[in-house]
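Structure, as structure tokens:
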Amino acid sequence: MASSEQKKPGHDMFSMQGKTTVVTGGARGIGFALAQTVAEFGSDVALLDISEKPSADLAQMEKDTGVKWRYYRADVTNQESLKEAFDKVVKDFGHIDTCITAAGIALDKPFLEQTWDEVQRILNINVMGTFFTAQLAAHHMRSNSNSSGGSILLISSQTAHTTTPAEHTSSYGMSKGAVKTLALHLGVELAPYKIRVNSISPGFIETEMGRAAAEANPQMKEVFEKAPPLGRRGQVGDLKGVAVWLLSGAGAWTTATDVLITGGLHGGGMHLRV
Ligand SMILES: NC(=O)c1ccc[n+]([C@@H]2O[C@H](COP(=O)([O-])OP(=O)(O)OC[C@H]3O[C@@H](n4cnc5c(N)ncnc54)[C@H](O)[C@@H]3O)[C@@H](O)[C@H]2O)c1
């Protein structure tokens, strides 16, 4: 190995070698991108999603990353479906060490027009799905035979902290506020089991969800594309470093926290004329 390619000792703290990571909403978008990242850092990957199949060829992913990838079709709003998927993961991988809860849906619709069914669906997927995914993950992490505990990363959103005049995302923002608060509570409650829990709050990220939100609302398209102060749309790659930090040993003393990754919009973008 050429000296420039040699691994530096500091890189070890980010290693996820020997771990199994469960990723809900893992078929595409942010979930899939973060799965790819943990795989690049050595973790095996179990993708859970309601979609029939993942967006990528997992045999190819195994070749590219050198770790094991499996896909489980599961609905995070269905207790039996979710439990069955987790049981299969443990059967296939032997243990669960890290978990990312990325399954989620969004809705951009004026508050005064949102229906009971629409709001209930958002809460079921984004809140109940996240809550019970984290619960199943924690059950398995607590019983890890080597008492190594685990790390759970919940995906909240910028909308849990702030909004723009162009958005109509009251129920979505409410659901993501619940996710952020859940990370705070679980970070404290699960610490005795050596399980860390954190959340990230991304701004506008270019995924199918992000693109659909922009297409449905021309004003949002402008915010989405020019999101100040850094002045560009976010990409899934913008979330990768933070995810590895929080899930790996590098984040060993970080729990019950939320990290905003918005290109700075939450701090100084509200002057945007939309
Ligand atoms: N894209 C953004 O701008 C953005 C910003 C902040 C937060 N987020 C959050 O990040 C997460 C991922 O978003 P994304 O942009 O990748 O969206 P996406 O729509 O591309 O991916 C979401 C995934 O969740 C899956 N899913 C939906 N309902 C499910 C269910 N009941 N059971 C299992 N899987 C289900 C979908 O099939 C899909 O694969 C979501 O929680 C979203 O709220 C996204």
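A note on labels: chains of the structure tokens are A, B, ... as shown, every chain counts residues from 1, and ligands are counted from 1 in their shown order.
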Shell of 8 Å around ligand 1 (only C-alpha atoms and all ligand atoms), written as a PyMOL selection string: chain A and resi 24-32+48-51+54+73-78+101-106+124-126+129+155-159+172+176+201-211+234
Residues of range 5-60 of chain A in strand (DSSP E or B), written as a PyMOL selection string: chain A and resi 20-24+44-49
Selected residue of minimal separation from Gly18 in chain A among A:Val67, A:Ala134, A:Ala33, A:Leu265, counting only C-alpha atoms: A:Val67
Interatomic distance (Å, one decimal) between CA of Glu118 in chain A and CA of Lys180 in chain A: 21.0 Å
Residue set, range 75-262 of chain A restricted to helix (DSSP H, G or I), as a PyMOL selection string: chain A and resi 79-93+111-113+116-142+158-160+170-189+191-193+208-216+218-226+236-247+249-251
Near-Val127 in chain A list (7 Å; only C-alpha atoms; drop same-chain fewer than 3 positions) as a list in words: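 Surrounding residues, per the criterion: Leu123, Asn124, Thr130, Phe131, Ser175, Ala178 and Val179 of chain A.
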Minimum-distance residue to Ala256 in chain A, chosen among A:Gly187, A:Pro192, A:Gly241, A:Gly268 (using only C-alpha atoms):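 Closest residue, counting only C-alpha atoms: A:Gly187.
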Glu62 in chain A surroundings by only C-alpha atoms, 12 Å radius, close-in-sequence under 3 positions cut, as a ChimeraX atom specification: /A:35-36,39-40,42-46,56-59,65-70
Deliver the residues from the most recent selection as a file, using N, CA, C and O atoms, as a PDB file, in the first residue's frame.
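What landed in out.pdb:
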```pdb
ATOM      1  N   ALA A  35     -26.974   4.000   4.494  1.00  0.00           N
ATOM      2  CA  ALA A  35     -26.612   2.570   4.526  1.00  0.00           C
ATOM      3  C   ALA A  35     -25.302   2.356   3.776  1.00  0.00           C
ATOM      4  O   ALA A  35     -24.395   1.644   4.235  1.00  0.00           O
ATOM      5  N   GLN A  36     -25.208   3.001   2.631  1.00  0.00           N
ATOM      6  CA  GLN A  36     -23.990   2.887   1.820  1.00  0.00           C
ATOM      7  C   GLN A  36     -22.779   3.402   2.616  1.00  0.00           C
ATOM      8  O   GLN A  36     -21.691   2.818   2.586  1.00  0.00           O
ATOM      9  N   ALA A  39     -21.723   1.019   5.346  1.00  0.00           N
ATOM     10  CA  ALA A  39     -21.074  -0.131   4.695  1.00  0.00           C
ATOM     11  C   ALA A  39     -19.634   0.224   4.324  1.00  0.00           C
ATOM     12  O   ALA A  39     -18.716  -0.578   4.495  1.00  0.00           O
ATOM     13  N   GLU A  40     -19.440   1.431   3.828  1.00  0.00           N
ATOM     14  CA  GLU A  40     -18.082   1.861   3.456  1.00  0.00           C
ATOM     15  C   GLU A  40     -17.157   1.909   4.681  1.00  0.00           C
ATOM     16  O   GLU A  40     -15.946   1.787   4.557  1.00  0.00           O
ATOM     17  N   GLY A  42     -17.468  -0.306   7.077  1.00  0.00           N
ATOM     18  CA  GLY A  42     -17.276  -1.688   7.541  1.00  0.00           C
ATOM     19  C   GLY A  42     -18.487  -2.394   8.099  1.00  0.00           C
ATOM     20  O   GLY A  42     -18.402  -3.569   8.447  1.00  0.00           O
ATOM     21  N   SER A  43     -19.632  -1.715   8.221  1.00  0.00           N
ATOM     22  CA  SER A  43     -20.807  -2.366   8.818  1.00  0.00           C
ATOM     23  C   SER A  43     -21.581  -3.189   7.790  1.00  0.00           C
ATOM     24  O   SER A  43     -21.735  -2.767   6.637  1.00  0.00           O
ATOM     25  N   ASP A  44     -22.091  -4.356   8.232  1.00  0.00           N
ATOM     26  CA  ASP A  44     -23.082  -5.070   7.435  1.00  0.00           C
ATOM     27  C   ASP A  44     -24.375  -4.269   7.481  1.00  0.00           C
ATOM     28  O   ASP A  44     -24.605  -3.496   8.423  1.00  0.00           O
ATOM     29  N   VAL A  45     -25.234  -4.494   6.473  1.00  0.00           N
ATOM     30  CA  VAL A  45     -26.429  -3.645   6.342  1.00  0.00           C
ATOM     31  C   VAL A  45     -27.696  -4.470   6.155  1.00  0.00           C
ATOM     32  O   VAL A  45     -27.761  -5.346   5.296  1.00  0.00           O
ATOM     33  N   ALA A  46     -28.721  -4.140   6.965  1.00  0.00           N
ATOM     34  CA  ALA A  46     -30.052  -4.722   6.795  1.00  0.00           C
ATOM     35  C   ALA A  46     -31.012  -3.590   6.460  1.00  0.00           C
ATOM     36  O   ALA A  46     -31.267  -2.714   7.290  1.00  0.00           O
ATOM     37  N   ALA A  56     -31.284  -0.260  -5.519  1.00  0.00           N
ATOM     38  CA  ALA A  56     -29.975  -0.691  -6.040  1.00  0.00           C
ATOM     39  C   ALA A  56     -29.856  -2.210  -6.011  1.00  0.00           C
ATOM     40  O   ALA A  56     -30.599  -2.890  -5.299  1.00  0.00           O
ATOM     41  N   ASP A  57     -28.925  -2.710  -6.780  1.00  0.00           N
ATOM     42  CA  ASP A  57     -28.641  -4.144  -6.830  1.00  0.00           C
ATOM     43  C   ASP A  57     -27.753  -4.489  -5.630  1.00  0.00           C
ATOM     44  O   ASP A  57     -26.588  -4.083  -5.566  1.00  0.00           O
ATOM     45  N   LEU A  58     -28.306  -5.239  -4.671  1.00  0.00           N
ATOM     46  CA  LEU A  58     -27.553  -5.486  -3.432  1.00  0.00           C
ATOM     47  C   LEU A  58     -26.360  -6.427  -3.637  1.00  0.00           C
ATOM     48  O   LEU A  58     -25.376  -6.342  -2.896  1.00  0.00           O
ATOM     49  N   ALA A  59     -26.455  -7.293  -4.656  1.00  0.00           N
ATOM     50  CA  ALA A  59     -25.291  -8.153  -4.943  1.00  0.00           C
ATOM     51  C   ALA A  59     -24.119  -7.269  -5.366  1.00  0.00           C
ATOM     52  O   ALA A  59     -22.964  -7.483  -4.957  1.00  0.00           O
ATOM     53  N   THR A  65     -18.692  -2.942  -1.606  1.00  0.00           N
ATOM     54  CA  THR A  65     -18.356  -2.533  -0.233  1.00  0.00           C
ATOM     55  C   THR A  65     -17.693  -3.645   0.592  1.00  0.00           C
ATOM     56  O   THR A  65     -17.143  -3.367   1.660  1.00  0.00           O
ATOM     57  N   GLY A  66     -17.816  -4.891   0.122  1.00  0.00           N
ATOM     58  CA  GLY A  66     -17.182  -6.000   0.841  1.00  0.00           C
ATOM     59  C   GLY A  66     -17.883  -6.377   2.137  1.00  0.00           C
ATOM     60  O   GLY A  66     -17.309  -7.073   2.984  1.00  0.00           O
ATOM     61  N   VAL A  67     -19.113  -5.918   2.329  1.00  0.00           N
ATOM     62  CA  VAL A  67     -19.882  -6.325   3.515  1.00  0.00           C
ATOM     63  C   VAL A  67     -21.208  -6.919   3.051  1.00  0.00           C
ATOM     64  O   VAL A  67     -21.578  -6.834   1.886  1.00  0.00           O
ATOM     65  N   LYS A  68     -21.935  -7.512   4.038  1.00  0.00           N
ATOM     66  CA  LYS A  68     -23.189  -8.204   3.708  1.00  0.00           C
ATOM     67  C   LYS A  68     -24.359  -7.210   3.658  1.00  0.00           C
ATOM     68  O   LYS A  68     -24.493  -6.353   4.537  1.00  0.00           O
ATOM     69  N   TRP A  69     -25.190  -7.334   2.612  1.00  0.00           N
ATOM     70  CA  TRP A  69     -26.395  -6.504   2.462  1.00  0.00           C
ATOM     71  C   TRP A  69     -27.608  -7.431   2.344  1.00  0.00           C
ATOM     72  O   TRP A  69     -27.576  -8.387   1.559  1.00  0.00           O
ATOM     73  N   ARG A  70     -28.688  -7.158   3.090  1.00  0.00           N
ATOM     74  CA  ARG A  70     -29.936  -7.904   2.933  1.00  0.00           C
ATOM     75  C   ARG A  70     -31.102  -6.921   2.935  1.00  0.00           C
ATOM     76  O   ARG A  70     -31.036  -5.871   3.562  1.00  0.00           O
TER      77      ARG A  70
END
```
Long-range neighbours of Ile96 in chain A as number ranges by chain, 8 Å cut-off, only C-alpha atoms, 5 positions minimum in chain: A: 19-22, 89-90, 137, 140-141, 144, 150
Point-to-point distance in Å for CA of Thr163 in chain A and CA of Thr262 in chain A: 11.7 Å
Near Met13 in chain A, within 7 Å and counting only C-alpha atoms, which residues show up once chain neighbours fewer than 4 positions away are dropped, as a PDB file with all heavy atoms, in the first residue's frame?
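Just written: out_37.pdb:
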```
ATOM      1  N   SER A 248     -20.637   5.679  15.105  1.00  0.00           N
ATOM      2  CA  SER A 248     -19.379   4.964  15.399  1.00  0.00           C
ATOM      3  C   SER A 248     -18.814   5.370  16.753  1.00  0.00           C
ATOM      4  O   SER A 248     -19.382   6.208  17.461  1.00  0.00           O
ATOM      5  CB  SER A 248     -18.349   5.291  14.311  1.00  0.00           C
ATOM      6  OG  SER A 248     -17.934   6.641  14.461  1.00  0.00           O
ATOM      7  N   GLY A 249     -17.660   4.805  17.063  1.00  0.00           N
ATOM      8  CA  GLY A 249     -16.975   5.127  18.323  1.00  0.00           C
ATOM      9  C   GLY A 249     -16.587   6.592  18.419  1.00  0.00           C
ATOM     10  O   GLY A 249     -16.351   7.111  19.518  1.00  0.00           O
ATOM     11  N   ALA A 250     -16.524   7.282  17.280  1.00  0.00           N
ATOM     12  CA  ALA A 250     -16.175   8.707  17.303  1.00  0.00           C
ATOM     13  C   ALA A 250     -17.197   9.509  18.105  1.00  0.00           C
ATOM     14  O   ALA A 250     -16.887  10.575  18.631  1.00  0.00           O
ATOM     15  CB  ALA A 250     -16.081   9.254  15.881  1.00  0.00           C
TER      16      ALA A 250
END
```
Point-to-point distance from CA of Met220 in chain A to CA of Glu167 in chain A, Å rounded to tenths: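 Computing it gives 6.7 Å between the two atoms.
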